[in-house]
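**Student:** This is entry38.pdb, which holds PDB, C-alpha atoms:
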ATOM      1  CA  MET A  24      63.611  99.381 169.179
ATOM      2  CA  GLN A  25      60.445  98.748 167.211
ATOM      3  CA  PRO A  26      60.077  99.147 163.404
ATOM      4  CA  ASP A  27      58.737 102.709 163.936
ATOM      5  CA  ASP A  28      62.194 103.865 165.090
ATOM      6  CA  PHE A  29      62.990 105.569 161.784
ATOM      7  CA  ALA A  30      60.878 108.709 161.759
ATOM      8  CA  PRO A  31      61.602 111.471 159.242
ATOM      9  CA  GLY A  32      64.597 113.532 160.383
ATOM     10  CA  THR A  33      66.277 110.560 162.062
ATOM     11  CA  VAL A  34      69.859 109.469 161.372
ATOM     12  CA  TRP A  35      71.126 105.933 161.857
ATOM     13  CA  LEU A  36      74.842 105.165 161.875
ATOM     14  CA  VAL A  37      74.789 101.644 160.477
ATOM     15  CA  GLY A  38      77.632  99.131 160.630
ATOM     16  CA  ALA A  39      78.129  97.474 157.245
ATOM     17  CA  GLY A  40      80.438  94.827 158.690
ATOM     18  CA  PRO A  41      83.659  93.655 157.037
ATOM     19  CA  GLY A  42      82.241  93.265 153.535
ATOM     20  CA  ASP A  43      80.214  90.071 153.216
ATOM     21  CA  PRO A  44      76.574  91.193 152.989
ATOM     22  CA  GLU A  45      75.503  88.113 154.947
ATOM     23  CA  TYR A  46      77.265  89.589 157.978
ATOM     24  CA  LEU A  47      74.800  92.487 158.017
ATOM     25  CA  THR A  48      72.313  92.388 160.859
ATOM     26  CA  MET A  49      68.609  92.152 160.075
ATOM     27  CA  LYS A  50      68.229  95.604 161.600
ATOM     28  CA  ALA A  51      70.879  97.041 159.277
ATOM     29  CA  VAL A  52      69.087  95.660 156.218
ATOM     30  CA  ARG A  53      65.758  97.048 157.410
ATOM     31  CA  LEU A  54      67.222 100.515 157.962
ATOM     32  CA  ILE A  55      68.949 100.531 154.570
ATOM     33  CA  GLU A  56      65.707  99.558 152.873
ATOM     34  CA  ARG A  57      63.748 102.343 154.631
ATOM     35  CA  ALA A  58      66.237 105.187 154.179
ATOM     36  CA  ASP A  59      65.574 108.196 151.959
ATOM     37  CA  ILE A  60      69.295 108.857 151.592
ATOM     38  CA  VAL A  61      72.414 106.768 152.310
ATOM     39  CA  PHE A  62      75.859 108.265 152.911
ATOM     40  CA  TYR A  63      78.406 105.467 152.509
ATOM     41  CA  ASP A  64      82.100 104.889 153.117
ATOM     42  CA  ALA A  65      84.666 103.795 150.523
ATOM     43  CA  LEU A  66      85.047 100.347 152.085
ATOM     44  CA  VAL A  67      81.346  99.510 151.707
ATOM     45  CA  GLY A  68      81.329  97.140 148.753
ATOM     46  CA  PRO A  69      78.950  96.898 145.786
ATOM     47  CA  GLU A  70      77.094  93.841 147.113
ATOM     48  CA  ILE A  71      75.988  95.813 150.159
ATOM     49  CA  LEU A  72      75.243  98.938 148.131
ATOM     50  CA  ASN A  73      73.006  96.809 145.931
ATOM     51  CA  LEU A  74      70.681  96.426 148.930
ATOM     52  CA  ILE A  75      69.834 100.128 148.711
ATOM     53  CA  PRO A  76      66.477 100.516 146.894
ATOM     54  CA  ALA A  77      66.654 102.003 143.412
ATOM     55  CA  GLY A  78      64.854 105.223 144.386
ATOM     56  CA  THR A  79      67.066 105.989 147.384
ATOM     57  CA  GLU A  80      69.709 108.683 147.007
ATOM     58  CA  ARG A  81      73.284 107.467 147.453
ATOM     59  CA  VAL A  82      76.107 109.785 148.506
ATOM     60  CA  PRO A  83      79.743 108.537 148.620
ATOM     61  CA  VAL A  84      81.671 110.163 151.464
ATOM     62  CA  GLY A  85      84.404 107.575 151.854
ATOM     63  CA  LYS A  86      87.862 108.042 153.279
ATOM     64  CA  ARG A  87      90.810 105.919 152.208
ATOM     65  CA  SER A  88      94.387 106.400 153.292
ATOM     66  CA  GLY A  89      95.653 109.509 151.523
ATOM     67  CA  ARG A  90      92.447 109.903 149.484
ATOM     68  CA  HIS A  91      89.640 111.707 151.311
ATOM     69  CA  SER A  92      86.562 112.448 149.239
ATOM     70  CA  GLN A  93      85.062 114.658 151.983
ATOM     71  CA  ASP A  94      86.512 116.033 155.190
ATOM     72  CA  GLN A  95      84.766 115.180 158.460
ATOM     73  CA  ARG A  96      83.208 118.609 158.980
ATOM     74  CA  THR A  97      81.660 118.450 155.519
ATOM     75  CA  ILE A  98      80.236 115.004 156.213
ATOM     76  CA  ASP A  99      78.818 116.215 159.532
ATOM     77  CA  ALA A 100      77.169 119.166 157.788
ATOM     78  CA  MET A 101      75.696 116.933 155.072
ATOM     79  CA  LEU A 102      74.145 114.620 157.660
ATOM     80  CA  VAL A 103      72.668 117.536 159.585
ATOM     81  CA  ALA A 104      71.265 119.097 156.396
ATOM     82  CA  ALA A 105      69.600 115.859 155.324
ATOM     83  CA  ALA A 106      68.104 115.250 158.771
ATOM     84  CA  THR A 107      66.805 118.801 159.233
ATOM     85  CA  ALA A 108      65.176 118.511 155.796
ATOM     86  CA  GLY A 109      63.085 115.686 157.250
ATOM     87  CA  ARG A 110      64.780 112.803 155.481
ATOM     88  CA  ARG A 111      65.412 109.337 156.878
ATOM     89  CA  VAL A 112      69.207 109.118 156.835
ATOM     90  CA  VAL A 113      71.517 106.111 156.948
ATOM     91  CA  ARG A 114      75.212 106.737 157.443
ATOM     92  CA  LEU A 115      76.696 103.423 156.280
ATOM     93  CA  LYS A 116      80.103 102.667 157.781
ATOM     94  CA  GLY A 117      82.438  99.737 157.276
ATOM     95  CA  GLY A 118      82.741  97.364 160.215
ATOM     96  CA  ASP A 119      81.266  98.702 163.442
ATOM     97  CA  PRO A 120      80.577 102.468 163.618
ATOM     98  CA  SER A 121      81.963 102.710 167.157
ATOM     99  CA  LEU A 122      85.349 101.141 166.362
ATOM    100  CA  PHE A 123      87.601 103.704 164.645
ATOM    101  CA  GLY A 124      84.582 104.910 162.687
ATOM    102  CA  ARG A 125      84.454 108.551 163.848
ATOM    103  CA  SER A 126      80.935 107.971 165.068
ATOM    104  CA  ASN A 127      81.373 110.343 167.996
ATOM    105  CA  GLU A 128      82.048 113.367 165.777
ATOM    106  CA  GLU A 129      78.949 112.683 163.708
ATOM    107  CA  MET A 130      76.704 112.002 166.691
ATOM    108  CA  GLU A 131      77.909 115.164 168.425
ATOM    109  CA  ALA A 132      77.201 117.294 165.336
ATOM    110  CA  LEU A 133      73.726 115.799 164.970
ATOM    111  CA  ARG A 134      72.858 116.172 168.656
ATOM    112  CA  THR A 135      74.056 119.774 168.622
ATOM    113  CA  ALA A 136      71.622 120.357 165.743
ATOM    114  CA  ARG A 137      68.893 118.574 167.782
ATOM    115  CA  CYS A 138      68.637 115.721 165.270
ATOM    116  CA  ALA A 139      67.727 112.227 166.444
ATOM    117  CA  VAL A 140      70.655 109.848 165.952
ATOM    118  CA  HIS A 141      71.082 106.147 166.757
ATOM    119  CA  VAL A 142      73.702 103.458 166.140
ATOM    120  CA  CYS A 143      73.202 100.018 164.600
ATOM    121  CA  PRO A 144      76.354  97.994 165.389
ATOM    122  CA  GLY A 145      78.136  95.842 162.844
ATOM    123  CA  VAL A 146      80.534  92.896 162.816
ATOM    124  CA  THR A 147      84.051  94.248 163.216
ATOM    125  CA  ALA A 148      86.955  93.035 161.069
ATOM    126  CA  ALA A 149      88.837  91.385 163.944
ATOM    127  CA  SER A 150      85.881  89.110 164.716
ATOM    128  CA  ALA A 151      85.390  88.247 161.047
ATOM    129  CA  ALA A 152      89.089  87.522 160.536
ATOM    130  CA  ALA A 153      89.169  85.253 163.585
ATOM    131  CA  ALA A 154      86.125  83.408 162.234
ATOM    132  CA  SER A 155      87.761  82.887 158.836
ATOM    133  CA  ALA A 156      90.998  81.707 160.435
ATOM    134  CA  GLY A 157      89.267  79.415 162.907
ATOM    135  CA  VAL A 158      90.866  81.021 165.956
ATOM    136  CA  SER A 159      89.622  82.433 169.227
ATOM    137  CA  LEU A 160      90.758  85.947 170.034
ATOM    138  CA  SER A 161      90.365  85.219 173.738
ATOM    139  CA  LEU A 162      91.611  81.624 173.960
ATOM    140  CA  ARG A 163      91.126  80.414 177.510
ATOM    141  CA  GLY A 164      94.380  80.127 179.415
ATOM    142  CA  VAL A 165      96.287  82.002 176.708
ATOM    143  CA  ALA A 166      94.717  85.418 176.096
ATOM    144  CA  ARG A 167      93.155  87.243 179.023
ATOM    145  CA  GLU A 168      92.247  90.288 176.969
ATOM    146  CA  VAL A 169      91.697  91.490 173.411
ATOM    147  CA  ARG A 170      92.896  94.959 172.492
ATOM    148  CA  PHE A 171      91.739  96.927 169.445
ATOM    149  CA  VAL A 172      94.432  99.334 168.239
ATOM    150  CA  THR A 173      94.435 101.783 165.336
ATOM    151  CA  ALA A 174      97.688 101.668 163.381
ATOM    152  CA  HIS A 175      96.769 104.772 161.400
ATOM    153  CA  SER A 176      98.706 107.966 162.044
ATOM    154  CA  ARG A 177      99.160 111.302 160.343
ATOM    155  CA  ARG A 178     101.348 110.975 157.268
ATOM    156  CA  GLY A 179     105.018 110.855 158.269
ATOM    157  CA  ALA A 180     104.290 110.668 162.005
ATOM    158  CA  ALA A 181     105.298 107.785 164.261
ATOM    159  CA  LEU A 182     102.543 105.813 165.948
ATOM    160  CA  ASP A 183     101.811 107.333 169.350
ATOM    161  CA  LEU A 184     101.178 104.127 171.289
ATOM    162  CA  ASP A 185     102.209 102.712 174.644
ATOM    163  CA  TRP A 186     104.308  99.924 173.153
ATOM    164  CA  HIS A 187     105.542  98.651 176.509
ATOM    165  CA  ASP A 188     101.966  98.093 177.638
ATOM    166  CA  LEU A 189     100.959  96.509 174.330
ATOM    167  CA  ALA A 190     103.877  94.076 174.485
ATOM    168  CA  ARG A 191     102.664  92.511 177.734
ATOM    169  CA  ALA A 192     101.964  88.778 177.612
ATOM    170  CA  GLY A 193      98.436  87.419 177.764
ATOM    171  CA  ALA A 194      96.715  89.637 175.192
ATOM    172  CA  THR A 195      95.606  89.392 171.589
ATOM    173  CA  LEU A 196      96.285  92.621 169.709
ATOM    174  CA  ALA A 197      94.153  93.609 166.712
ATOM    175  CA  PHE A 198      95.803  96.353 164.675
ATOM    176  CA  TYR A 199      93.360  98.043 162.319
ATOM    177  CA  MET A 200      94.655  99.813 159.182
ATOM    178  CA  GLY A 201      97.950  98.070 159.836
ATOM    179  CA  ARG A 202      99.427  97.646 156.350
ATOM    180  CA  ASP A 203     101.698 100.689 156.232
ATOM    181  CA  ALA A 204     102.701 100.406 159.886
ATOM    182  CA  ALA A 205     103.532  96.677 159.893
ATOM    183  CA  SER A 206     107.314  97.090 160.146
ATOM    184  CA  GLU A 207     106.984  99.639 162.942
ATOM    185  CA  ILE A 208     104.547  97.385 164.827
ATOM    186  CA  SER A 209     107.037  94.522 164.617
ATOM    187  CA  ARG A 210     110.022  96.644 165.599
ATOM    188  CA  GLN A 211     108.347  98.385 168.519
ATOM    189  CA  LEU A 212     106.754  95.291 170.041
ATOM    190  CA  ILE A 213     110.018  93.340 169.878
ATOM    191  CA  ALA A 214     111.974  96.294 171.303
ATOM    192  CA  ASN A 215     109.557  96.338 174.225
ATOM    193  CA  GLY A 216     109.920  92.678 175.088
ATOM    194  CA  MET A 217     107.543  90.685 172.879
ATOM    195  CA  PRO A 218     109.321  87.618 171.418
ATOM    196  CA  GLY A 219     110.038  87.743 167.689
ATOM    197  CA  GLY A 220     108.443  84.331 167.318
ATOM    198  CA  THR A 221     105.038  85.517 168.551
ATOM    199  CA  PRO A 222     102.324  84.243 166.165
ATOM    200  CA  VAL A 223     100.735  86.753 163.814
ATOM    201  CA  LEU A 224      97.852  86.628 161.355
ATOM    202  CA  ILE A 225      97.656  89.131 158.498
ATOM    203  CA  ALA A 226      94.147  89.434 157.052
ATOM    204  CA  CYS A 227      93.266  91.352 153.884
ATOM    205  CA  ASN A 228      89.816  91.928 152.361
ATOM    206  CA  VAL A 229      88.276  90.128 155.324
ATOM    207  CA  SER A 230      85.131  88.070 154.563
ATOM    208  CA  LEU A 231      85.193  88.846 150.821
ATOM    209  CA  PRO A 232      85.680  86.242 148.049
ATOM    210  CA  HIS A 233      89.260  87.500 147.542
ATOM    211  CA  GLU A 234      90.074  87.380 151.262
ATOM    212  CA  MET A 235      93.698  86.578 152.109
ATOM    213  CA  ILE A 236      94.887  85.362 155.492
ATOM    214  CA  LEU A 237      98.527  84.623 156.181
ATOM    215  CA  SER A 238     100.044  83.031 159.265
ATOM    216  CA  THR A 239     103.511  84.334 160.115
ATOM    217  CA  ARG A 240     105.539  85.533 163.113
ATOM    218  CA  LEU A 241     106.213  88.932 164.592
ATOM    219  CA  ASP A 242     109.793  89.310 163.348
ATOM    220  CA  LEU A 243     108.617  88.630 159.777
ATOM    221  CA  LEU A 244     105.577  90.890 159.929
ATOM    222  CA  GLY A 245     106.864  93.745 157.761
ATOM    223  CA  LEU A 246     108.191  91.437 155.057
ATOM    224  CA  ALA A 247     105.063  89.296 155.054
ATOM    225  CA  THR A 248     102.724  92.281 154.896
ATOM    226  CA  ARG A 249     104.582  93.797 151.946
ATOM    227  CA  ALA A 250     104.375  90.473 150.114
ATOM    228  CA  LEU A 251     100.679  89.966 150.815
ATOM    229  CA  ALA A 252      99.040  93.369 150.938
ATOM    230  CA  ALA A 253     100.134  95.902 148.354
ATOM    231  CA  THR A 254      97.001  98.028 148.592
ATOM    232  CA  ALA A 255      94.301  95.954 150.316
ATOM    233  CA  PRO A 256      92.658  96.922 153.620
ATOM    234  CA  THR A 257      94.699  95.014 156.190
ATOM    235  CA  LEU A 258      94.128  93.830 159.741
ATOM    236  CA  ILE A 259      96.963  92.388 161.849
ATOM    237  CA  LEU A 260      96.326  90.025 164.759
ATOM    238  CA  VAL A 261      99.207  89.427 167.175
ATOM    239  CA  GLY A 262      99.358  86.976 170.078
ATOM    240  CA  GLU A 263      99.710  83.379 171.145
ATOM    241  CA  ALA A 264      95.976  82.775 170.753
ATOM    242  CA  VAL A 265      96.155  83.087 166.959
ATOM    243  CA  GLN A 266      98.611  80.179 166.755
ATOM    244  CA  ALA A 267      95.721  77.740 167.130
ATOM    245  CA  GLY A 268      94.586  78.315 163.545
ATOM    246  CA  SER A 269      97.979  78.155 161.819
ATOM    247  CA  ASP A 270      97.697  74.586 160.511
ATOM    248  CA  ARG A 271      94.214  75.220 159.161
ATOM    249  CA  ILE A 272      95.298  78.466 157.507
ATOM    250  CA  GLY A 273      98.212  76.739 155.803
ATOM    251  CA  ALA A 274      95.762  74.312 154.207
ATOM    252  CA  THR A 275      92.965  76.704 153.289
ATOM    253  CA  MET A 276      94.510  80.156 152.834
ATOM    254  CA  ARG A 277      93.295  81.876 149.676
ATOM    255  CA  HIS A 278      95.695  83.545 147.204
ATOM    256  CA  ALA A 279      98.566  83.816 149.669
ATOM    257  CA  THR A 280     101.959  82.148 150.004
ATOM    258  CA  PRO A 281     103.468  81.556 153.458
ATOM    259  CA  ILE A 282     106.547  83.652 154.193
ATOM    260  CA  VAL A 283     109.614  81.770 155.409
ATOM    261  CA  GLY A 284     113.215  82.751 155.925
ATOM    262  CA  GLN A 285     115.231  85.166 158.004
ATOM    263  CA  SER A 286     113.768  87.847 160.212
ATOM    264  CA  GLU A 287     113.769  91.423 159.004
ATOM    265  CA  PRO A 288     116.848  93.548 159.500
ATOM    266  CA  PRO A 289     116.551  96.003 162.395
TER     267      PRO A 289
END
I need this file expressed as structure tokens, please.
**Tutor:**
Amino acid sequence: MQPDDFAPGTVWLVGAGPGDPEYLTMKAVRLIERADIVFYDALVGPEILNLIPAGTERVPVGKRSGRHSQDQRTIDAMLVAAATAGRRVVRLKGGDPSLFGRSNEEMEALRTARCAVHVCPGVTAASAAAASAGVSLSLRGVAREVRFVTAHSRRGAALDLDWHDLARAGATLAFYMGRDAASEISRQLIANGMPGGTPVLIACNVSLPHEMILSTRLDLLGLATRALAATAPTLILVGEAVQAGSDRIGATMRHATPIVGQSEPP
């Protein structure tokens, strides 16, 4: 699209990437700079928010596990109200809006209200974590597919996933929001045939100065995650392809100590 793609009454769902402002696309920066109002998620950091011009209204609508500042229907209504008032609206979302970002709900609400809505993609956390670790998610001859999986479930509920299918060889699994579910991920994948020694990378605060990446194995995943990620946003990569970066991670990992010892009890 051309630079005249942001008429009054238009909404852009903009991917803020994993956190490093240099991962923003040029289009994302342009849209942020032209917006009249920006609705932003909790995971959008201050360095990215600093790109919003001083006169632009900022509205926090972030969701964090167990702490929702606004429910989805309220957010939808706020976006529609701003657009129908003739404002240029940016809905700033962590990562890529179309990966576990509830973009469909917001686009549907806006289209129902006959508001123009577009998506500006962003760098997703799995890609950024692989870049930091120096691994390929789709290593030739090792990983034939990459699968993005949400590890978030309703509080107290088990993850409703096809574990047998996920445990198949030849894939790299990227579990988003995986911190609290790490032990269940390990237990279920092993129970469905994935070897306990399968390489795993745990990535916290991906792309930020306090990023932590830890190389471990599947049967140590729960223990390692508890040691590394008390509260930080956490991505878990599972599969033989991530083994390629283990030596490099051991030498360059920031603020993390490798986990060694016995596997977790069943």
**Student:** Name the residues in contact with Pro144 (chain A) at a cut-off of 8 Å, using all atoms listed in the file, excluding same-chain residues fewer than 4 positions from it; report them as a list of chain:residue names.
**Tutor:** A:Val37, A:Gly38, A:Asp119, A:Pro120, A:Ser121
**Student:** Ala255 (chain A): which residues within 10 Å, counting all atoms listed in the file, same-chain residues fewer than 2 positions away excluded, as an MDAnalysis selection string?
**Tutor:** chainID A and resid 200 202 226:229 234:235 251:253 257:258
**Student:** What does the distance from CA of Gly201 (chain A) to CA of Val169 (chain A) come to in Å, to one decimal?
**Tutor:**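 Between CA of Gly201 (chain A) and CA of Val169 (chain A) the gap works out to 16.3 Å.
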**Student:** Would you write out, as a VMD selection string, every residue that the PyMOL selection byres ((chain A and resi 97-109) around 7) captures in this file?
**Tutor:** chain A and resid 31 to 34 84 93 to 96 110 to 112 129 132 to 133 136 138
**Student:** Emit the selected residues as a PDB file, in the frame of the given file, including C-alpha atoms.
**Tutor:**
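The resulting file, out_6.pdb, is shown below:
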ATOM      1  CA  PRO A  31      61.602 111.471 159.242  1.00  0.00           C
ATOM      2  CA  GLY A  32      64.597 113.532 160.383  1.00  0.00           C
ATOM      3  CA  THR A  33      66.277 110.560 162.062  1.00  0.00           C
ATOM      4  CA  VAL A  34      69.859 109.469 161.372  1.00  0.00           C
ATOM      5  CA  VAL A  84      81.671 110.163 151.464  1.00  0.00           C
ATOM      6  CA  GLN A  93      85.062 114.658 151.983  1.00  0.00           C
ATOM      7  CA  ASP A  94      86.512 116.033 155.190  1.00  0.00           C
ATOM      8  CA  GLN A  95      84.766 115.180 158.460  1.00  0.00           C
ATOM      9  CA  ARG A  96      83.208 118.609 158.980  1.00  0.00           C
ATOM     10  CA  ARG A 110      64.780 112.803 155.481  1.00  0.00           C
ATOM     11  CA  ARG A 111      65.412 109.337 156.878  1.00  0.00           C
ATOM     12  CA  VAL A 112      69.207 109.118 156.835  1.00  0.00           C
ATOM     13  CA  GLU A 129      78.949 112.683 163.708  1.00  0.00           C
ATOM     14  CA  ALA A 132      77.201 117.294 165.336  1.00  0.00           C
ATOM     15  CA  LEU A 133      73.726 115.799 164.970  1.00  0.00           C
ATOM     16  CA  ALA A 136      71.622 120.357 165.743  1.00  0.00           C
ATOM     17  CA  CYS A 138      68.637 115.721 165.270  1.00  0.00           C
TER      18      CYS A 138
END
**Student:** In Å, how far is it from CA of Ala250 (chain A) to CA of Leu224 (chain A)?
**Tutor:** 13.6 Å
**Student:** Expand the PyMOL selection byres ((chain A and resi 203-220) around 7) into the individual residues it matches in the shown file, reporting them as JSON, numbers by chain.
**Tutor:** {"A": [174, 186, 187, 190, 201, 202, 221, 222, 240, 241, 242, 244, 245, 248]}
**Student:** Quote the spacing between CA of Pro44 (chain A) and CA of Val142 (chain A) in Å to one decimal place.
**Tutor:**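 Atom-to-atom, CA of Pro44 (chain A) and CA of Val142 (chain A) are spaced 18.2 Å apart.
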**Student:** Determine the nearest neighbour of Thr195 (chain A) from the options A:Ala139, A:Leu47, A:Val261, A:Ala156, counting all atoms listed in the file.
**Tutor:**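 Of A:Ala139, A:Leu47, A:Val261, A:Ala156, the one nearest Thr195 (chain A) is A:Val261, counting all atoms listed in the file.
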**Student:** Convert the output of the PyMOL selection byres ((chain A and resi 57) around 12) on the shown file into explicit residues, formatted as number ranges by chain.
**Tutor:** A: 26-31, 33-35, 50-56, 58-61, 74-80, 110-113
**Student:** Each side padded by 6 Å, which centre and which edge lengths in Å (one decimal) define the axis-aligned box around the listed atoms of region 153-159 of chain A? Give them as JSON.
**Tutor:**
{"center_x": 88.6, "center_y": 82.3, "center_z": 164.0, "size_x": 16.9, "size_y": 17.8, "size_z": 22.4}
